[in-house]
Number of protein chains: 2
Amino acid sequence: MRETFHDQLEAIRSDLVDMSERVATAMARATRALLEADVSLADSVISDDEIIDETRNDLEERAFELLARQQPVAVDLRVVVASLRMVTEIERMGDLALHIAKVARLRYPESAVPEDFKSTFAEMGRLAGQVIAKAGQVIRTRDEVLARELEADDDLIDDLHQALFRRLVLSSHSIETAIDVTLLGRYYERFGDHAVSVARRVVYLVTGAYPETVAH
Amino acid sequence: MRETFHDQLEAIRSDLVDMSERVATAMARATRALLEADVSLADSVISDDEIIDETRNDLEERAFELLARQQPVAVDLRVVVASLRMVTEIERMGDLALHIAKVARLRYPESAVPEDFKSTFAEMGRLAGQVIAKAGQVIRTRDEVLARELEADDDLIDDLHQALFRRLVLSSHSIETAIDVTLLGRYYERFGDHAVSVARRVVYLVTGAYPETVAH
């Protein structure tokens with residue numbers, strides 16, 4: 001019984017890692033779609049989001065079944081509850097990639113991002129790729145050092161996000177561009193926040209305490 | 001044992017309702033702070049957010065203890081898991097009220113919202129108050145009709161949110177104002193989304209099926 005339980009829990013963990021890889025792909029494609037005004041890439045992100053949602057439903061159901069049938073206690077219970085929460089965070093990260101792809105699609109054949117903001121978004125996209133990759137690794141390995149690295153990456157996303165607004169205010173872009181850049185910046189920033197939440201849930205499982213809280 | 005369990009579950013439900021009332025107050029104050037550039041009201045929202053976070057921690061811990069000690073099954077288990085999720089959603093709604101209060105504070109003694117957008121934000125604030133009040137009532141009464149009404153209210157928030165962008169593009173406001181209005185619109189829109197999620201979790205408990213999914 002216990003072995004079955006741990007096998008099932010291991011399968012959930014492994015599928016969470018796969019799901020994070022799928023979200024990493026979605027985010028990488030969404031960023032490229034945005035910067036290169038590549039509508040077919042945007043469409044692939046939009047259609048693949050359904051797979052992420054289905055994985056979420058499947059994982060939620062399996063975690064719930066595990067609670068119902070195996071009635072885990074102590075650390076095992078914490079792991080299942082944490083998995084339920086992480087799956088929500090990762091699905092939400094997929095939604096944020098979807099939002100970015102939708103903005104790319106909406107402005108096609110133009111790019112929603114003006115030339116002078118492209119390098120910033122390229123960098124935010126690179127960091128977003130890094131935080132989701134690390135979130136997946138943290139789920140897999142429970143490596144606290146990596147979890148801290150992830151938080152440092154997220155701080156860089158936040159810095160870029162703040163700098164974005166300061167530059168935007170001084171620019172002479174249209175209001176439409178200002179709206180796009182504002183929303184896009186927010187999507188990347190939230191993406192980083194969710195990755196941090198995932199990492200913190202893992203650290204909590206390992207250490208029994210959350211790192212000091214970050215307000216957003 | 002079972003009676004203790006149901007008492008504790010009932011206490012969690014009742015505290016979720018109280019928490020939603022606290023968030024309703026925060027949102028009402030944040031909207032007034034925003035429209036009237038009332039900095040002391042904004043500050044009260046900012047300082048009270050800590051209480052909402054503490055309530056979240058307390059409720060999470062209690063729901064977790066209930067799982068660990070009472071090992072509920074079937075519907076009881078679903079209710080505890082749903083409570084864990086609803087507390088996350090409601091806490092997030094508190095964060096969104098906090099974000100609005102922070103924008104109000106940042107622009108003080110000016111209002112972040114220009115005159116020609118005040119009526120729209122007043123209406124979004126009114127609807128936000130309505131969805132959080134109904135979310136609390138749905139948790140308390142499990143009334144499906146009310147849950148559907150809440151979704152209709154959220155549709156109105158979404159309509160206002162879309163109209164906001166259309167009008168903003170045609171306006172001659174500064175980029176700073178465009179950024180504020182864009183972010184504020186997004187905060188109200190997300191607030192409505194979370195209320196819908198709460199209501200859907202309750203409907204799921206009652207009917208065993210989620211209403212058809214809404215994409216955001």
# chains A, B, ... in the order shown; residues from 1 in each chain; ligands from 1
$ closest_atom_pairs --of "chain A" --to "chain B" --cutoff "7 Å" --atoms "only C-alpha atoms" --output "Markdown table"
| residue | atom | partner | partner_atom | distance |
| --- | --- | --- | --- | --- |
| A:Ala68 | CA | B:Val73 | CA | 5.6 |
| A:Gln71 | CA | B:Gln71 | CA | 6.1 |
| A:Val73 | CA | B:Ala68 | CA | 5.5 |
| A:Ala74 | CA | B:Ala68 | CA | 6.9 |
| A:Val169 | CA | B:Ile175 | CA | 5.4 |
| A:Ile175 | CA | B:Val169 | CA | 5.4 |
| A:Glu176 | CA | B:Val169 | CA | 5.5 |
| A:Ala178 | CA | B:Ile175 | CA | 6.5 |
| A:Ile179 | CA | B:Thr182 | CA | 6.1 |
| A:Thr182 | CA | B:Ile179 | CA | 6.1 |
$ residues_around --residues "A:Leu41" --least-positions-apart "2" --cutoff "12 Å" --atoms "only C-alpha atoms" --output "JSON, numbers by chain"
{"A": [25, 26, 27, 28, 29, 30, 31, 32, 33, 34, 35, 36, 37, 38, 39, 43, 44, 45, 46, 47, 48, 97, 98, 100, 101, 102, 104, 105, 108]}
$ residues_around --residues "B:Met93" --least-positions-apart "5" --cutoff "12 Å" --atoms "only C-alpha atoms" --output "PyMOL selection string"
chain B and resi 19-27+30+49+52-53+56+86-88+98-100+128-129+131-132+135+187-198
$ select_by_dssp --residues "stretch 71-216 of chain B" --states "helix (DSSP H, G or I)" --output "VMD selection string"
chain B and resid 74 to 107 115 to 141 144 to 170 175 to 207
$ residues_around --residues "B:Glu144" --least-positions-apart "5" --cutoff "10 Å" --atoms "only C-alpha atoms" --output "CSV table (one decimal) with all heavy atoms, in the first residue's frame"
chain,number,residue,atom,x,y,z
B,138,VAL,N,-22.2,32.8,-1.2
B,138,VAL,CA,-22.2,31.5,-1.8
B,138,VAL,C,-21.4,30.5,-0.9
B,138,VAL,O,-21.9,29.3,-0.8
B,138,VAL,CB,-21.5,31.5,-3.2
B,138,VAL,CG1,-21.2,30.1,-3.8
B,138,VAL,CG2,-22.4,32.3,-4.2
B,149,GLU,N,-25.4,34.4,-10.7
B,149,GLU,CA,-25.5,35.8,-10.7
B,149,GLU,C,-24.1,36.5,-10.6
B,149,GLU,O,-23.8,37.5,-11.2
B,149,GLU,CB,-26.3,36.3,-9.4
B,149,GLU,CG,-27.8,36.5,-9.6
B,149,GLU,CD,-28.4,37.0,-8.4
B,149,GLU,OE1,-27.9,37.9,-7.7
B,149,GLU,OE2,-29.5,36.4,-8.0
B,150,LEU,N,-23.3,35.9,-9.7
B,150,LEU,CA,-21.9,36.4,-9.6
B,150,LEU,C,-21.2,36.4,-10.9
B,150,LEU,O,-20.5,37.3,-11.3
B,150,LEU,CB,-21.2,35.5,-8.5
B,150,LEU,CG,-19.9,35.9,-8.0
B,150,LEU,CD1,-19.6,35.1,-6.7
B,150,LEU,CD2,-18.7,35.6,-9.0
B,199,ALA,N,-16.8,30.9,-6.5
B,199,ALA,CA,-18.2,30.4,-6.6
B,199,ALA,C,-18.2,29.1,-7.4
B,199,ALA,O,-19.0,28.2,-7.0
B,199,ALA,CB,-19.0,31.5,-7.5
B,200,ARG,N,-17.3,28.9,-8.3
B,200,ARG,CA,-17.3,27.6,-9.1
B,200,ARG,C,-16.9,26.5,-8.2
B,200,ARG,O,-17.3,25.3,-8.4
B,200,ARG,CB,-16.3,27.7,-10.3
B,200,ARG,CG,-16.9,28.5,-11.4
B,200,ARG,CD,-16.0,28.9,-12.4
B,200,ARG,NE,-16.7,29.5,-13.5
B,200,ARG,CZ,-16.9,28.9,-14.7
B,200,ARG,NH1,-16.4,27.8,-15.0
B,200,ARG,NH2,-17.7,29.5,-15.6
B,202,VAL,N,-17.5,26.2,-5.1
B,202,VAL,CA,-18.7,25.8,-4.3
B,202,VAL,C,-19.7,25.0,-5.1
B,202,VAL,O,-20.2,24.0,-4.7
B,202,VAL,CB,-19.3,27.1,-3.7
B,202,VAL,CG1,-20.6,26.7,-2.9
B,202,VAL,CG2,-18.4,27.8,-2.7
B,203,VAL,N,-20.0,25.5,-6.3
B,203,VAL,CA,-20.9,24.8,-7.2
B,203,VAL,C,-20.4,23.4,-7.5
B,203,VAL,O,-21.2,22.4,-7.5
B,203,VAL,CB,-21.1,25.6,-8.6
B,203,VAL,CG1,-21.9,24.7,-9.6
B,203,VAL,CG2,-21.8,26.9,-8.3
B,204,TYR,N,-19.1,23.2,-7.6
B,204,TYR,CA,-18.6,21.9,-7.8
B,204,TYR,C,-18.9,21.0,-6.6
B,204,TYR,O,-19.2,19.8,-6.8
B,204,TYR,CB,-17.1,22.0,-8.0
B,204,TYR,CG,-16.4,20.7,-8.3
B,204,TYR,CD1,-16.6,20.0,-9.5
B,204,TYR,CD2,-15.7,20.0,-7.3
B,204,TYR,CE1,-16.0,18.8,-9.8
B,204,TYR,CE2,-15.1,18.8,-7.5
B,204,TYR,CZ,-15.2,18.2,-8.8
B,204,TYR,OH,-14.7,17.0,-9.0
B,206,VAL,N,-21.4,21.2,-4.7
B,206,VAL,CA,-22.8,20.9,-4.6
B,206,VAL,C,-23.2,19.9,-5.7
B,206,VAL,O,-24.0,19.0,-5.5
B,206,VAL,CB,-23.6,22.2,-4.7
B,206,VAL,CG1,-25.1,21.9,-4.7
B,206,VAL,CG2,-23.2,23.2,-3.5
B,207,THR,N,-22.7,20.2,-6.9
B,207,THR,CA,-23.2,19.4,-8.1
B,207,THR,C,-22.3,18.3,-8.5
B,207,THR,O,-22.7,17.5,-9.3
B,207,THR,CB,-23.4,20.4,-9.2
B,207,THR,OG1,-22.2,20.9,-9.7
B,207,THR,CG2,-24.3,21.5,-8.9
$ residues_around --residues "stretch 6-17 of chain A" --least-positions-apart "6" --cutoff "8 Å" --atoms "only C-alpha atoms" --output "MDAnalysis selection string"
chainID A and resid 59 62:63 66 80 83 87 136:137 139:140
$ residues_around --residues "A:Ile157" --least-positions-apart "3" --cutoff "7 Å" --atoms "only C-alpha atoms" --output "short mmCIF file (atom, residue, chain, number, x, y, z; two decimals) with C-alpha atoms, in the first residue's frame"
data_model
loop_
_atom_site.label_atom_id
_atom_site.label_comp_id
_atom_site.auth_asym_id
_atom_site.auth_seq_id
_atom_site.Cartn_x
_atom_site.Cartn_y
_atom_site.Cartn_z
CA MET A 124 12.49 39.14 -19.49
CA LEU A 127 14.73 35.07 -17.34
CA ASP A 153 16.30 35.55 -11.15
CA ASP A 154 12.83 36.73 -10.23
CA LEU A 160 13.31 45.00 -15.53
CA HIS A 161 9.59 45.39 -14.94
CA GLU A 189 6.36 39.75 -13.71
CA GLY A 192 8.20 35.04 -12.15
#
$ atom_distance --atom1 "atom CA of B:Asp155" --atom2 "atom CA of B:Ala133"
16.0 Å
$ atom_distance --atom1 "atom CA of A:Pro114" --atom2 "atom CA of B:Pro114"
26.1 Å
$ closest_residue --among "B:Pro109, B:Ala152, B:Arg92, B:Gly185" --to "B:Gly125" --atoms "only C-alpha atoms"
B:Gly185
$ atom_distance --atom1 "atom CA of B:Ala82" --atom2 "atom CA of B:Leu205"
7.9 Å
